[in-house]
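Data block for my_file-v9.txt (compact mmCIF, N, CA and C atoms):
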# COMPACT_ATOMS: atom_id res chain seq x y z
N GLY A 165 0.28 1.25 2.04
CA GLY A 165 0.60 0.44 3.18
C GLY A 165 -0.45 0.57 4.26
N THR A 166 -0.37 -0.31 5.23
CA THR A 166 -1.35 -0.30 6.31
C THR A 166 -1.27 0.97 7.15
N ASP A 167 -0.20 1.76 6.99
CA ASP A 167 -0.13 3.03 7.72
C ASP A 167 -1.22 3.99 7.24
N TRP A 168 -1.75 3.79 6.02
CA TRP A 168 -2.84 4.64 5.53
C TRP A 168 -4.20 4.09 5.93
N LEU A 169 -4.25 2.89 6.47
CA LEU A 169 -5.52 2.26 6.80
C LEU A 169 -5.75 2.28 8.30
N GLN A 170 -5.76 3.45 8.86
CA GLN A 170 -5.95 3.61 10.28
C GLN A 170 -7.24 4.39 10.54
N PRO A 171 -7.83 4.25 11.73
CA PRO A 171 -9.11 4.92 12.00
C PRO A 171 -9.09 6.43 11.73
N SER A 172 -7.95 7.07 11.87
CA SER A 172 -7.89 8.52 11.68
C SER A 172 -7.73 8.93 10.22
N THR A 173 -7.62 7.96 9.32
CA THR A 173 -7.39 8.24 7.90
C THR A 173 -8.56 7.73 7.07
N ASN A 174 -9.06 8.57 6.17
CA ASN A 174 -10.12 8.15 5.26
C ASN A 174 -9.65 8.45 3.83
N ILE A 175 -9.29 7.42 3.11
CA ILE A 175 -8.75 7.58 1.76
C ILE A 175 -9.74 8.34 0.87
N ALA A 176 -11.03 8.14 1.07
CA ALA A 176 -12.04 8.81 0.24
C ALA A 176 -11.97 10.33 0.37
N ASP A 177 -11.38 10.83 1.45
CA ASP A 177 -11.28 12.28 1.67
C ASP A 177 -9.98 12.88 1.15
N TRP A 178 -9.12 12.08 0.56
CA TRP A 178 -7.84 12.61 0.05
C TRP A 178 -8.10 13.71 -0.95
N THR A 179 -7.21 14.69 -0.98
CA THR A 179 -7.36 15.80 -1.91
C THR A 179 -6.17 15.87 -2.86
N SER A 180 -6.37 16.56 -3.95
CA SER A 180 -5.33 16.78 -4.95
C SER A 180 -5.32 18.25 -5.34
N LYS A 181 -4.20 18.68 -5.85
CA LYS A 181 -4.08 20.04 -6.36
C LYS A 181 -4.98 20.18 -7.58
N ASN A 182 -5.77 21.25 -7.63
CA ASN A 182 -6.63 21.53 -8.77
C ASN A 182 -5.83 22.33 -9.79
N PHE A 183 -5.34 21.66 -10.83
CA PHE A 183 -4.49 22.33 -11.82
C PHE A 183 -5.27 23.33 -12.66
N ALA A 184 -6.60 23.28 -12.61
CA ALA A 184 -7.42 24.26 -13.35
C ALA A 184 -7.60 25.55 -12.55
N TRP A 185 -7.24 25.52 -11.26
CA TRP A 185 -7.41 26.70 -10.41
C TRP A 185 -6.47 27.81 -10.86
N LYS A 186 -6.99 29.04 -10.87
CA LYS A 186 -6.16 30.19 -11.23
C LYS A 186 -6.42 31.32 -10.26
N GLU A 187 -5.51 32.26 -10.22
CA GLU A 187 -5.62 33.42 -9.33
C GLU A 187 -6.98 34.08 -9.56
N GLY A 188 -7.67 34.38 -8.47
CA GLY A 188 -8.99 34.98 -8.55
C GLY A 188 -10.10 33.97 -8.30
N ASP A 189 -9.83 32.67 -8.51
CA ASP A 189 -10.81 31.63 -8.19
C ASP A 189 -10.93 31.52 -6.67
N PRO A 190 -12.06 31.00 -6.18
CA PRO A 190 -12.20 30.83 -4.72
C PRO A 190 -11.06 29.97 -4.16
N PRO A 191 -10.42 30.41 -3.08
CA PRO A 191 -9.29 29.66 -2.50
C PRO A 191 -9.63 28.22 -2.15
N GLU A 192 -10.89 27.97 -1.73
CA GLU A 192 -11.26 26.61 -1.34
C GLU A 192 -11.28 25.65 -2.53
N GLN A 193 -11.21 26.17 -3.76
CA GLN A 193 -11.17 25.32 -4.95
C GLN A 193 -9.75 25.01 -5.40
N LYS A 194 -8.77 25.47 -4.65
CA LYS A 194 -7.36 25.22 -5.00
C LYS A 194 -7.03 23.74 -4.90
N VAL A 195 -7.74 23.03 -4.04
CA VAL A 195 -7.62 21.58 -3.94
C VAL A 195 -9.00 20.97 -4.13
N ILE A 196 -9.03 19.76 -4.66
CA ILE A 196 -10.29 19.07 -4.86
C ILE A 196 -10.20 17.68 -4.25
N VAL A 197 -11.34 17.16 -3.80
CA VAL A 197 -11.38 15.82 -3.23
C VAL A 197 -11.34 14.82 -4.37
N THR A 198 -10.35 13.94 -4.34
CA THR A 198 -10.19 12.95 -5.41
C THR A 198 -10.08 11.52 -4.88
N GLY A 199 -10.00 11.37 -3.57
CA GLY A 199 -9.82 10.04 -3.00
C GLY A 199 -10.94 9.09 -3.33
N ASP A 200 -12.18 9.60 -3.30
CA ASP A 200 -13.32 8.74 -3.62
C ASP A 200 -13.23 8.22 -5.06
N LYS A 201 -12.75 9.06 -5.98
CA LYS A 201 -12.59 8.66 -7.37
C LYS A 201 -11.49 7.59 -7.50
N LEU A 202 -10.39 7.78 -6.77
CA LEU A 202 -9.32 6.78 -6.78
C LEU A 202 -9.84 5.42 -6.35
N LEU A 203 -10.62 5.41 -5.27
CA LEU A 203 -11.13 4.14 -4.74
C LEU A 203 -12.10 3.47 -5.71
N ARG A 204 -12.85 4.26 -6.48
CA ARG A 204 -13.79 3.69 -7.44
C ARG A 204 -13.09 3.17 -8.70
N GLU A 205 -12.01 3.84 -9.13
CA GLU A 205 -11.44 3.57 -10.44
C GLU A 205 -10.18 2.70 -10.45
N PHE A 206 -9.54 2.51 -9.30
CA PHE A 206 -8.27 1.80 -9.29
C PHE A 206 -8.26 0.67 -8.28
N ASP A 207 -7.45 -0.33 -8.58
CA ASP A 207 -7.19 -1.42 -7.64
C ASP A 207 -5.98 -1.03 -6.80
N PHE A 208 -6.01 -1.35 -5.52
CA PHE A 208 -4.91 -1.05 -4.62
C PHE A 208 -4.37 -2.33 -4.02
N LEU A 209 -3.05 -2.48 -4.04
CA LEU A 209 -2.38 -3.55 -3.33
C LEU A 209 -1.88 -2.97 -2.02
N VAL A 210 -2.19 -3.63 -0.93
CA VAL A 210 -1.83 -3.12 0.39
C VAL A 210 -0.68 -3.94 0.95
N VAL A 211 0.32 -3.23 1.47
CA VAL A 211 1.49 -3.84 2.08
C VAL A 211 1.40 -3.65 3.59
N VAL A 212 1.66 -4.70 4.33
CA VAL A 212 1.67 -4.60 5.79
C VAL A 212 2.90 -3.81 6.22
N ARG A 213 2.67 -2.78 7.02
CA ARG A 213 3.79 -1.99 7.57
C ARG A 213 3.86 -2.29 9.07
N PRO A 214 5.06 -2.49 9.57
CA PRO A 214 5.22 -2.78 11.00
C PRO A 214 4.60 -1.69 11.86
N GLY A 215 3.86 -2.10 12.87
CA GLY A 215 3.25 -1.15 13.79
C GLY A 215 1.90 -0.65 13.36
N TYR A 216 1.43 -1.06 12.18
CA TYR A 216 0.13 -0.61 11.68
C TYR A 216 -0.70 -1.84 11.31
N GLU A 217 -1.49 -2.28 12.26
CA GLU A 217 -2.32 -3.46 12.05
C GLU A 217 -3.69 -3.06 11.54
N VAL A 218 -4.29 -3.92 10.74
CA VAL A 218 -5.65 -3.72 10.25
C VAL A 218 -6.51 -4.79 10.89
N GLU A 219 -7.58 -4.36 11.53
CA GLU A 219 -8.46 -5.30 12.24
C GLU A 219 -9.25 -6.16 11.25
N ARG A 220 -9.17 -7.45 11.44
CA ARG A 220 -9.94 -8.40 10.62
C ARG A 220 -11.08 -8.93 11.46
N THR A 221 -12.22 -9.13 10.83
CA THR A 221 -13.40 -9.64 11.53
C THR A 221 -13.97 -10.82 10.75
N VAL A 222 -14.95 -11.49 11.34
CA VAL A 222 -15.62 -12.60 10.65
C VAL A 222 -16.33 -12.06 9.40
N GLN A 223 -16.94 -10.87 9.53
CA GLN A 223 -17.65 -10.26 8.39
C GLN A 223 -16.68 -9.74 7.33
N ASP A 224 -15.47 -9.37 7.74
CA ASP A 224 -14.47 -8.81 6.82
C ASP A 224 -13.12 -9.48 7.11
N PRO A 225 -12.95 -10.73 6.64
CA PRO A 225 -11.73 -11.48 6.97
C PRO A 225 -10.44 -10.84 6.48
N THR A 226 -10.51 -10.01 5.43
CA THR A 226 -9.30 -9.33 4.96
C THR A 226 -9.03 -8.07 5.78
N GLY A 227 -10.08 -7.49 6.36
CA GLY A 227 -9.95 -6.23 7.07
C GLY A 227 -9.90 -5.03 6.15
N LEU A 228 -10.03 -5.25 4.85
CA LEU A 228 -9.86 -4.17 3.88
C LEU A 228 -11.16 -3.59 3.33
N ARG A 229 -12.26 -4.32 3.42
CA ARG A 229 -13.52 -3.86 2.82
C ARG A 229 -13.98 -2.50 3.33
N LYS A 230 -13.74 -2.21 4.61
CA LYS A 230 -14.21 -0.94 5.17
C LYS A 230 -13.47 0.26 4.60
N PHE A 231 -12.34 0.03 3.93
CA PHE A 231 -11.56 1.13 3.36
C PHE A 231 -11.87 1.37 1.89
N GLY A 232 -12.43 0.38 1.21
CA GLY A 232 -12.78 0.54 -0.19
C GLY A 232 -12.99 -0.80 -0.85
N PRO A 233 -13.69 -0.79 -1.99
CA PRO A 233 -14.06 -2.04 -2.64
C PRO A 233 -12.94 -2.71 -3.43
N ARG A 234 -11.86 -2.00 -3.72
CA ARG A 234 -10.85 -2.54 -4.64
C ARG A 234 -9.47 -2.63 -4.00
N LEU A 235 -9.45 -2.99 -2.72
CA LEU A 235 -8.19 -3.16 -2.01
C LEU A 235 -7.95 -4.65 -1.75
N GLU A 236 -6.71 -5.06 -1.90
CA GLU A 236 -6.36 -6.44 -1.55
C GLU A 236 -4.92 -6.47 -1.05
N TRP A 237 -4.63 -7.51 -0.28
CA TRP A 237 -3.29 -7.65 0.27
C TRP A 237 -2.31 -8.06 -0.82
N LEU A 238 -1.11 -7.51 -0.77
CA LEU A 238 -0.05 -7.91 -1.69
C LEU A 238 0.35 -9.35 -1.37
N GLN A 239 0.33 -10.19 -2.37
CA GLN A 239 0.77 -11.58 -2.21
C GLN A 239 1.98 -11.77 -3.12
N MET A 240 3.08 -12.16 -2.55
CA MET A 240 4.29 -12.38 -3.34
C MET A 240 4.16 -13.71 -4.09
N PRO A 241 4.68 -13.76 -5.32
CA PRO A 241 4.67 -15.02 -6.05
C PRO A 241 5.47 -16.07 -5.28
N GLU A 242 5.11 -17.31 -5.48
CA GLU A 242 5.77 -18.41 -4.77
C GLU A 242 7.27 -18.36 -5.03
N GLY A 243 8.02 -18.54 -3.97
CA GLY A 243 9.47 -18.57 -4.06
C GLY A 243 10.12 -17.20 -3.90
N LEU A 244 9.32 -16.13 -3.86
CA LEU A 244 9.87 -14.79 -3.67
C LEU A 244 9.52 -14.27 -2.29
N THR A 245 10.39 -13.47 -1.74
CA THR A 245 10.18 -12.87 -0.43
C THR A 245 10.08 -11.37 -0.58
N PHE A 246 9.12 -10.78 0.10
CA PHE A 246 8.96 -9.33 0.09
C PHE A 246 10.13 -8.71 0.85
N ILE A 247 10.79 -7.75 0.22
CA ILE A 247 11.90 -7.05 0.86
C ILE A 247 11.35 -5.76 1.44
N GLU A 248 11.38 -5.69 2.74
CA GLU A 248 10.79 -4.55 3.43
C GLU A 248 11.77 -3.40 3.51
N GLY A 249 11.29 -2.23 3.19
CA GLY A 249 12.10 -1.02 3.31
C GLY A 249 11.42 -0.06 4.26
N ASN A 250 12.12 0.95 4.64
CA ASN A 250 11.56 1.92 5.57
C ASN A 250 11.28 3.24 4.85
N LEU A 251 10.79 3.15 3.62
CA LEU A 251 10.51 4.32 2.83
C LEU A 251 9.02 4.32 2.49
N SER A 252 8.37 5.44 2.70
CA SER A 252 6.95 5.53 2.40
C SER A 252 6.68 6.73 1.51
N SER A 253 5.54 6.70 0.83
CA SER A 253 5.16 7.84 -0.01
C SER A 253 4.96 9.08 0.85
N THR A 254 4.53 8.89 2.09
CA THR A 254 4.36 10.02 3.00
C THR A 254 5.70 10.72 3.21
N GLU A 255 6.74 9.95 3.44
CA GLU A 255 8.07 10.53 3.65
C GLU A 255 8.56 11.22 2.39
N LEU A 256 8.31 10.62 1.23
CA LEU A 256 8.72 11.25 -0.02
C LEU A 256 8.01 12.58 -0.22
N ARG A 257 6.69 12.61 0.01
CA ARG A 257 5.94 13.87 -0.14
C ARG A 257 6.45 14.93 0.82
N LYS A 258 6.75 14.51 2.03
CA LYS A 258 7.26 15.45 3.03
C LYS A 258 8.59 16.04 2.56
N ARG A 259 9.47 15.20 2.03
CA ARG A 259 10.77 15.68 1.59
C ARG A 259 10.66 16.57 0.36
N VAL A 260 9.83 16.16 -0.60
CA VAL A 260 9.69 16.94 -1.83
C VAL A 260 9.08 18.31 -1.54
N GLY A 261 8.17 18.38 -0.59
CA GLY A 261 7.49 19.62 -0.27
C GLY A 261 8.32 20.63 0.49
N ARG A 262 9.48 20.23 0.96
CA ARG A 262 10.33 21.15 1.74
C ARG A 262 11.32 21.86 0.83
N THR A 263 11.27 23.17 0.84
CA THR A 263 12.21 23.92 -0.01
C THR A 263 13.63 23.81 0.51
N SER A 264 13.80 23.49 1.77
CA SER A 264 15.14 23.41 2.34
C SER A 264 15.82 22.08 2.01
N CYS A 265 15.18 21.25 1.20
CA CYS A 265 15.74 19.93 0.90
C CYS A 265 16.72 19.95 -0.26
N PHE A 266 17.04 21.11 -0.77
CA PHE A 266 18.03 21.19 -1.83
C PHE A 266 19.36 21.55 -1.22
N ARG A 267 20.41 20.92 -1.69
CA ARG A 267 21.74 21.24 -1.21
C ARG A 267 22.67 21.33 -2.40
N GLU A 268 23.65 22.14 -2.31
CA GLU A 268 24.59 22.31 -3.42
C GLU A 268 25.79 21.40 -3.22
N VAL A 269 26.13 20.66 -4.24
CA VAL A 269 27.33 19.85 -4.23
C VAL A 269 28.08 20.24 -5.50
N GLY A 270 29.10 21.07 -5.35
CA GLY A 270 29.77 21.61 -6.53
C GLY A 270 28.79 22.46 -7.31
N ALA A 271 28.67 22.21 -8.60
CA ALA A 271 27.75 22.98 -9.43
C ALA A 271 26.43 22.25 -9.64
N VAL A 272 26.27 21.10 -9.00
CA VAL A 272 25.07 20.28 -9.23
C VAL A 272 24.15 20.36 -8.01
N ALA A 273 22.89 20.71 -8.25
CA ALA A 273 21.91 20.72 -7.16
C ALA A 273 21.30 19.33 -7.05
N LEU A 274 21.44 18.70 -5.90
CA LEU A 274 20.88 17.37 -5.67
C LEU A 274 19.64 17.49 -4.81
N HIS A 275 18.65 16.75 -5.12
CA HIS A 275 17.42 16.75 -4.33
C HIS A 275 17.51 15.65 -3.28
N ILE A 276 16.91 15.89 -2.14
CA ILE A 276 17.04 14.95 -1.02
C ILE A 276 16.39 13.59 -1.30
N VAL A 277 15.51 13.49 -2.30
CA VAL A 277 14.93 12.18 -2.61
C VAL A 277 15.62 11.51 -3.80
N GLU A 278 16.64 12.15 -4.33
CA GLU A 278 17.37 11.54 -5.45
C GLU A 278 17.97 10.22 -4.98
N GLY A 279 17.76 9.19 -5.77
CA GLY A 279 18.24 7.86 -5.42
C GLY A 279 17.18 7.04 -4.70
N LEU A 280 16.15 7.71 -4.18
CA LEU A 280 15.07 6.99 -3.51
C LEU A 280 13.95 6.65 -4.48
N VAL A 281 13.85 7.43 -5.55
CA VAL A 281 12.87 7.17 -6.60
C VAL A 281 13.61 7.19 -7.94
N PRO A 282 13.07 6.51 -8.95
CA PRO A 282 13.72 6.56 -10.26
C PRO A 282 13.82 8.01 -10.76
N GLY A 283 14.86 8.29 -11.53
CA GLY A 283 15.08 9.64 -12.04
C GLY A 283 13.89 10.20 -12.79
N ALA A 284 13.22 9.36 -13.57
CA ALA A 284 12.06 9.83 -14.33
C ALA A 284 10.93 10.26 -13.41
N VAL A 285 10.76 9.57 -12.30
CA VAL A 285 9.73 9.94 -11.33
C VAL A 285 10.07 11.28 -10.69
N LEU A 286 11.32 11.45 -10.29
CA LEU A 286 11.75 12.71 -9.70
C LEU A 286 11.57 13.86 -10.69
N SER A 287 11.93 13.65 -11.94
CA SER A 287 11.76 14.68 -12.97
C SER A 287 10.29 15.06 -13.13
N TYR A 288 9.42 14.05 -13.14
CA TYR A 288 7.98 14.31 -13.28
C TYR A 288 7.47 15.12 -12.09
N ILE A 289 7.87 14.73 -10.88
CA ILE A 289 7.45 15.45 -9.67
C ILE A 289 7.89 16.91 -9.76
N GLN A 290 9.11 17.14 -10.20
CA GLN A 290 9.62 18.51 -10.28
C GLN A 290 8.93 19.30 -11.39
N ARG A 291 8.75 18.69 -12.58
CA ARG A 291 8.11 19.40 -13.69
C ARG A 291 6.68 19.79 -13.36
N GLN A 292 5.96 18.86 -12.72
CA GLN A 292 4.55 19.10 -12.41
C GLN A 292 4.37 19.88 -11.09
N ARG A 293 5.48 20.12 -10.40
CA ARG A 293 5.48 20.81 -9.12
C ARG A 293 4.53 20.13 -8.12
N LEU A 294 4.59 18.79 -8.12
CA LEU A 294 3.77 18.02 -7.19
C LEU A 294 4.26 18.23 -5.77
N TYR A 295 3.38 18.21 -4.84
CA TYR A 295 3.68 18.31 -3.41
C TYR A 295 4.26 19.65 -3.02
N VAL A 296 4.19 20.63 -3.88
CA VAL A 296 4.73 21.96 -3.58
C VAL A 296 3.57 22.93 -3.50
N GLU A 297 3.51 23.70 -2.44
CA GLU A 297 2.42 24.68 -2.28
C GLU A 297 2.59 25.82 -3.24
Give the structure from the file, written as structure tokens.
Amino acid sequence: GTDWLQPSTNIADWTSKNFAWKEGDPPEQKVIVTGDKLLREFDFLVVVRPGYEVERTVQDPTGLRKFGPRLEWLQMPEGLTFIEGNLSSTELRKRVGRTSCFREVGAVALHIVEGLVPGAVLSYIQRQRLYVE
């Protein structure tokens, strides 16, 4: 969303957990910069988020070129309307990364993002321990 396309954010600097890192390796190698690779290898569809405008210019009528070569605005097929929600990947990462987000309901432990993402996605996040320090 356009919330990631702000002057204070540079997608090329995004980092990821280095799954090859092991105890004894230099701590600074625990994460690696992967944003530049994402921008080179993948196409991104950008959704307008309220309150986050992207400046368009004559030289860059989409306003997206300065963020990467493979970004474009999401265009809904004719006859369909985009249904806006107030859920972002940032909020999901924040919730998943908090250990206090588990609550007990009877004998079943429910995660605070359950129902916000498909069950298979939640299972993958938990198995891979994504967003957890």
- Compile the contact shell of Tyr216 in chain A as a ChimeraX atom specification: residues with an atom at most 10 Å away, counting only C-alpha atoms, same-chain residues fewer than 3 positions apart removed. /A:165-170,212-213,219
- Apply DSSP to the backbone of this structure and, from chain A, keep only the residues in strand (DSSP E or B); write these as a list in words. Thr179, Ser180, Lys181, Val195, Ile196, Val197, Phe208, Leu209, Val210, Arg213, Tyr216, Leu235, Glu236, Trp237, Phe266, Arg267, Glu268, Val269, Val272, Ala273, Leu274, His275, Glu278 and Val281 of chain A
What would the file look like if the residues just selected were written as a PDB file, in the frame of the given file with N, CA and C atoms?
ATOM      1  N   THR A 179      -7.210  14.690  -0.980  1.00  0.00           N
ATOM      2  CA  THR A 179      -7.360  15.800  -1.910  1.00  0.00           C
ATOM      3  C   THR A 179      -6.170  15.870  -2.860  1.00  0.00           C
ATOM      4  N   SER A 180      -6.370  16.560  -3.950  1.00  0.00           N
ATOM      5  CA  SER A 180      -5.330  16.780  -4.950  1.00  0.00           C
ATOM      6  C   SER A 180      -5.320  18.250  -5.340  1.00  0.00           C
ATOM      7  N   LYS A 181      -4.200  18.680  -5.850  1.00  0.00           N
ATOM      8  CA  LYS A 181      -4.080  20.040  -6.360  1.00  0.00           C
ATOM      9  C   LYS A 181      -4.980  20.180  -7.580  1.00  0.00           C
ATOM     10  N   VAL A 195      -7.740  23.030  -4.040  1.00  0.00           N
ATOM     11  CA  VAL A 195      -7.620  21.580  -3.940  1.00  0.00           C
ATOM     12  C   VAL A 195      -9.000  20.970  -4.130  1.00  0.00           C
ATOM     13  N   ILE A 196      -9.030  19.760  -4.660  1.00  0.00           N
ATOM     14  CA  ILE A 196     -10.290  19.070  -4.860  1.00  0.00           C
ATOM     15  C   ILE A 196     -10.200  17.680  -4.250  1.00  0.00           C
ATOM     16  N   VAL A 197     -11.340  17.160  -3.800  1.00  0.00           N
ATOM     17  CA  VAL A 197     -11.380  15.820  -3.230  1.00  0.00           C
ATOM     18  C   VAL A 197     -11.340  14.820  -4.370  1.00  0.00           C
ATOM     19  N   PHE A 208      -6.010  -1.350  -5.520  1.00  0.00           N
ATOM     20  CA  PHE A 208      -4.910  -1.050  -4.620  1.00  0.00           C
ATOM     21  C   PHE A 208      -4.370  -2.330  -4.020  1.00  0.00           C
ATOM     22  N   LEU A 209      -3.050  -2.480  -4.040  1.00  0.00           N
ATOM     23  CA  LEU A 209      -2.380  -3.550  -3.330  1.00  0.00           C
ATOM     24  C   LEU A 209      -1.880  -2.970  -2.020  1.00  0.00           C
ATOM     25  N   VAL A 210      -2.190  -3.630  -0.930  1.00  0.00           N
ATOM     26  CA  VAL A 210      -1.830  -3.120   0.390  1.00  0.00           C
ATOM     27  C   VAL A 210      -0.680  -3.940   0.950  1.00  0.00           C
ATOM     28  N   ARG A 213       2.670  -2.780   7.020  1.00  0.00           N
ATOM     29  CA  ARG A 213       3.790  -1.990   7.570  1.00  0.00           C
ATOM     30  C   ARG A 213       3.860  -2.290   9.070  1.00  0.00           C
ATOM     31  N   TYR A 216       1.430  -1.060  12.180  1.00  0.00           N
ATOM     32  CA  TYR A 216       0.130  -0.610  11.680  1.00  0.00           C
ATOM     33  C   TYR A 216      -0.700  -1.840  11.310  1.00  0.00           C
ATOM     34  N   LEU A 235      -9.450  -2.990  -2.720  1.00  0.00           N
ATOM     35  CA  LEU A 235      -8.190  -3.160  -2.010  1.00  0.00           C
ATOM     36  C   LEU A 235      -7.950  -4.650  -1.750  1.00  0.00           C
ATOM     37  N   GLU A 236      -6.710  -5.060  -1.900  1.00  0.00           N
ATOM     38  CA  GLU A 236      -6.360  -6.440  -1.550  1.00  0.00           C
ATOM     39  C   GLU A 236      -4.920  -6.470  -1.050  1.00  0.00           C
ATOM     40  N   TRP A 237      -4.630  -7.510  -0.280  1.00  0.00           N
ATOM     41  CA  TRP A 237      -3.290  -7.650   0.270  1.00  0.00           C
ATOM     42  C   TRP A 237      -2.310  -8.060  -0.820  1.00  0.00           C
ATOM     43  N   PHE A 266      17.040  21.110  -0.770  1.00  0.00           N
ATOM     44  CA  PHE A 266      18.030  21.190  -1.830  1.00  0.00           C
ATOM     45  C   PHE A 266      19.360  21.550  -1.220  1.00  0.00           C
ATOM     46  N   ARG A 267      20.410  20.920  -1.690  1.00  0.00           N
ATOM     47  CA  ARG A 267      21.740  21.240  -1.210  1.00  0.00           C
ATOM     48  C   ARG A 267      22.670  21.330  -2.400  1.00  0.00           C
ATOM     49  N   GLU A 268      23.650  22.140  -2.310  1.00  0.00           N
ATOM     50  CA  GLU A 268      24.590  22.310  -3.420  1.00  0.00           C
ATOM     51  C   GLU A 268      25.790  21.400  -3.220  1.00  0.00           C
ATOM     52  N   VAL A 269      26.130  20.660  -4.240  1.00  0.00           N
ATOM     53  CA  VAL A 269      27.330  19.850  -4.230  1.00  0.00           C
ATOM     54  C   VAL A 269      28.080  20.240  -5.500  1.00  0.00           C
ATOM     55  N   VAL A 272      26.270  21.100  -9.000  1.00  0.00           N
ATOM     56  CA  VAL A 272      25.070  20.280  -9.230  1.00  0.00           C
ATOM     57  C   VAL A 272      24.150  20.360  -8.010  1.00  0.00           C
ATOM     58  N   ALA A 273      22.890  20.710  -8.250  1.00  0.00           N
ATOM     59  CA  ALA A 273      21.910  20.720  -7.160  1.00  0.00           C
ATOM     60  C   ALA A 273      21.300  19.330  -7.050  1.00  0.00           C
ATOM     61  N   LEU A 274      21.440  18.700  -5.900  1.00  0.00           N
ATOM     62  CA  LEU A 274      20.880  17.370  -5.670  1.00  0.00           C
ATOM     63  C   LEU A 274      19.640  17.490  -4.810  1.00  0.00           C
ATOM     64  N   HIS A 275      18.650  16.750  -5.120  1.00  0.00           N
ATOM     65  CA  HIS A 275      17.420  16.750  -4.330  1.00  0.00           C
ATOM     66  C   HIS A 275      17.510  15.650  -3.280  1.00  0.00           C
ATOM     67  N   GLU A 278      16.640  12.150  -4.330  1.00  0.00           N
ATOM     68  CA  GLU A 278      17.370  11.540  -5.450  1.00  0.00           C
ATOM     69  C   GLU A 278      17.970  10.220  -4.980  1.00  0.00           C
ATOM     70  N   VAL A 281      13.850   7.430  -5.550  1.00  0.00           N
ATOM     71  CA  VAL A 281      12.870   7.170  -6.600  1.00  0.00           C
ATOM     72  C   VAL A 281      13.610   7.190  -7.940  1.00  0.00           C
TER      73      VAL A 281
END
- So which residues touch Trp178 in chain A within 7 Å, counting only N, CA and C atoms, skipping near sequence neighbours fewer than 4 positions away, as a list in words?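 In the requested form, the answer reads Asn174, Ile196, Val197, Thr198, Gly199 and Asp200 of chain A.
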With N, CA and C atoms retained, could you export that selection as a PDB file, in the coordinates of the input?
ATOM      1  N   ASN A 174      -9.060   8.570   6.170  1.00  0.00           N
ATOM      2  CA  ASN A 174     -10.120   8.150   5.260  1.00  0.00           C
ATOM      3  C   ASN A 174      -9.650   8.450   3.830  1.00  0.00           C
ATOM      4  N   ILE A 196      -9.030  19.760  -4.660  1.00  0.00           N
ATOM      5  CA  ILE A 196     -10.290  19.070  -4.860  1.00  0.00           C
ATOM      6  C   ILE A 196     -10.200  17.680  -4.250  1.00  0.00           C
ATOM      7  N   VAL A 197     -11.340  17.160  -3.800  1.00  0.00           N
ATOM      8  CA  VAL A 197     -11.380  15.820  -3.230  1.00  0.00           C
ATOM      9  C   VAL A 197     -11.340  14.820  -4.370  1.00  0.00           C
ATOM     10  N   THR A 198     -10.350  13.940  -4.340  1.00  0.00           N
ATOM     11  CA  THR A 198     -10.190  12.950  -5.410  1.00  0.00           C
ATOM     12  C   THR A 198     -10.080  11.520  -4.880  1.00  0.00           C
ATOM     13  N   GLY A 199     -10.000  11.370  -3.570  1.00  0.00           N
ATOM     14  CA  GLY A 199      -9.820  10.040  -3.000  1.00  0.00           C
ATOM     15  C   GLY A 199     -10.940   9.090  -3.330  1.00  0.00           C
ATOM     16  N   ASP A 200     -12.180   9.600  -3.300  1.00  0.00           N
ATOM     17  CA  ASP A 200     -13.320   8.740  -3.620  1.00  0.00           C
ATOM     18  C   ASP A 200     -13.230   8.220  -5.060  1.00  0.00           C
TER      19      ASP A 200
END
- Name the closest residue to Leu235 in chain A among the candidates A:Gln223, A:Leu251, A:Arg257, A:Asp207; distances are taken between atoms, counting all atoms listed in the file.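 Answer, going by the shortest atom-to-atom distance: A:Asp207.
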- Pick the closest to Leu209 in chain A from A:Glu278, A:Glu236, A:Glu248, A:Glu192: which is it, counting only N, CA and C atoms?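 Closest to Leu209 in chain A of all the choices is A:Glu236.
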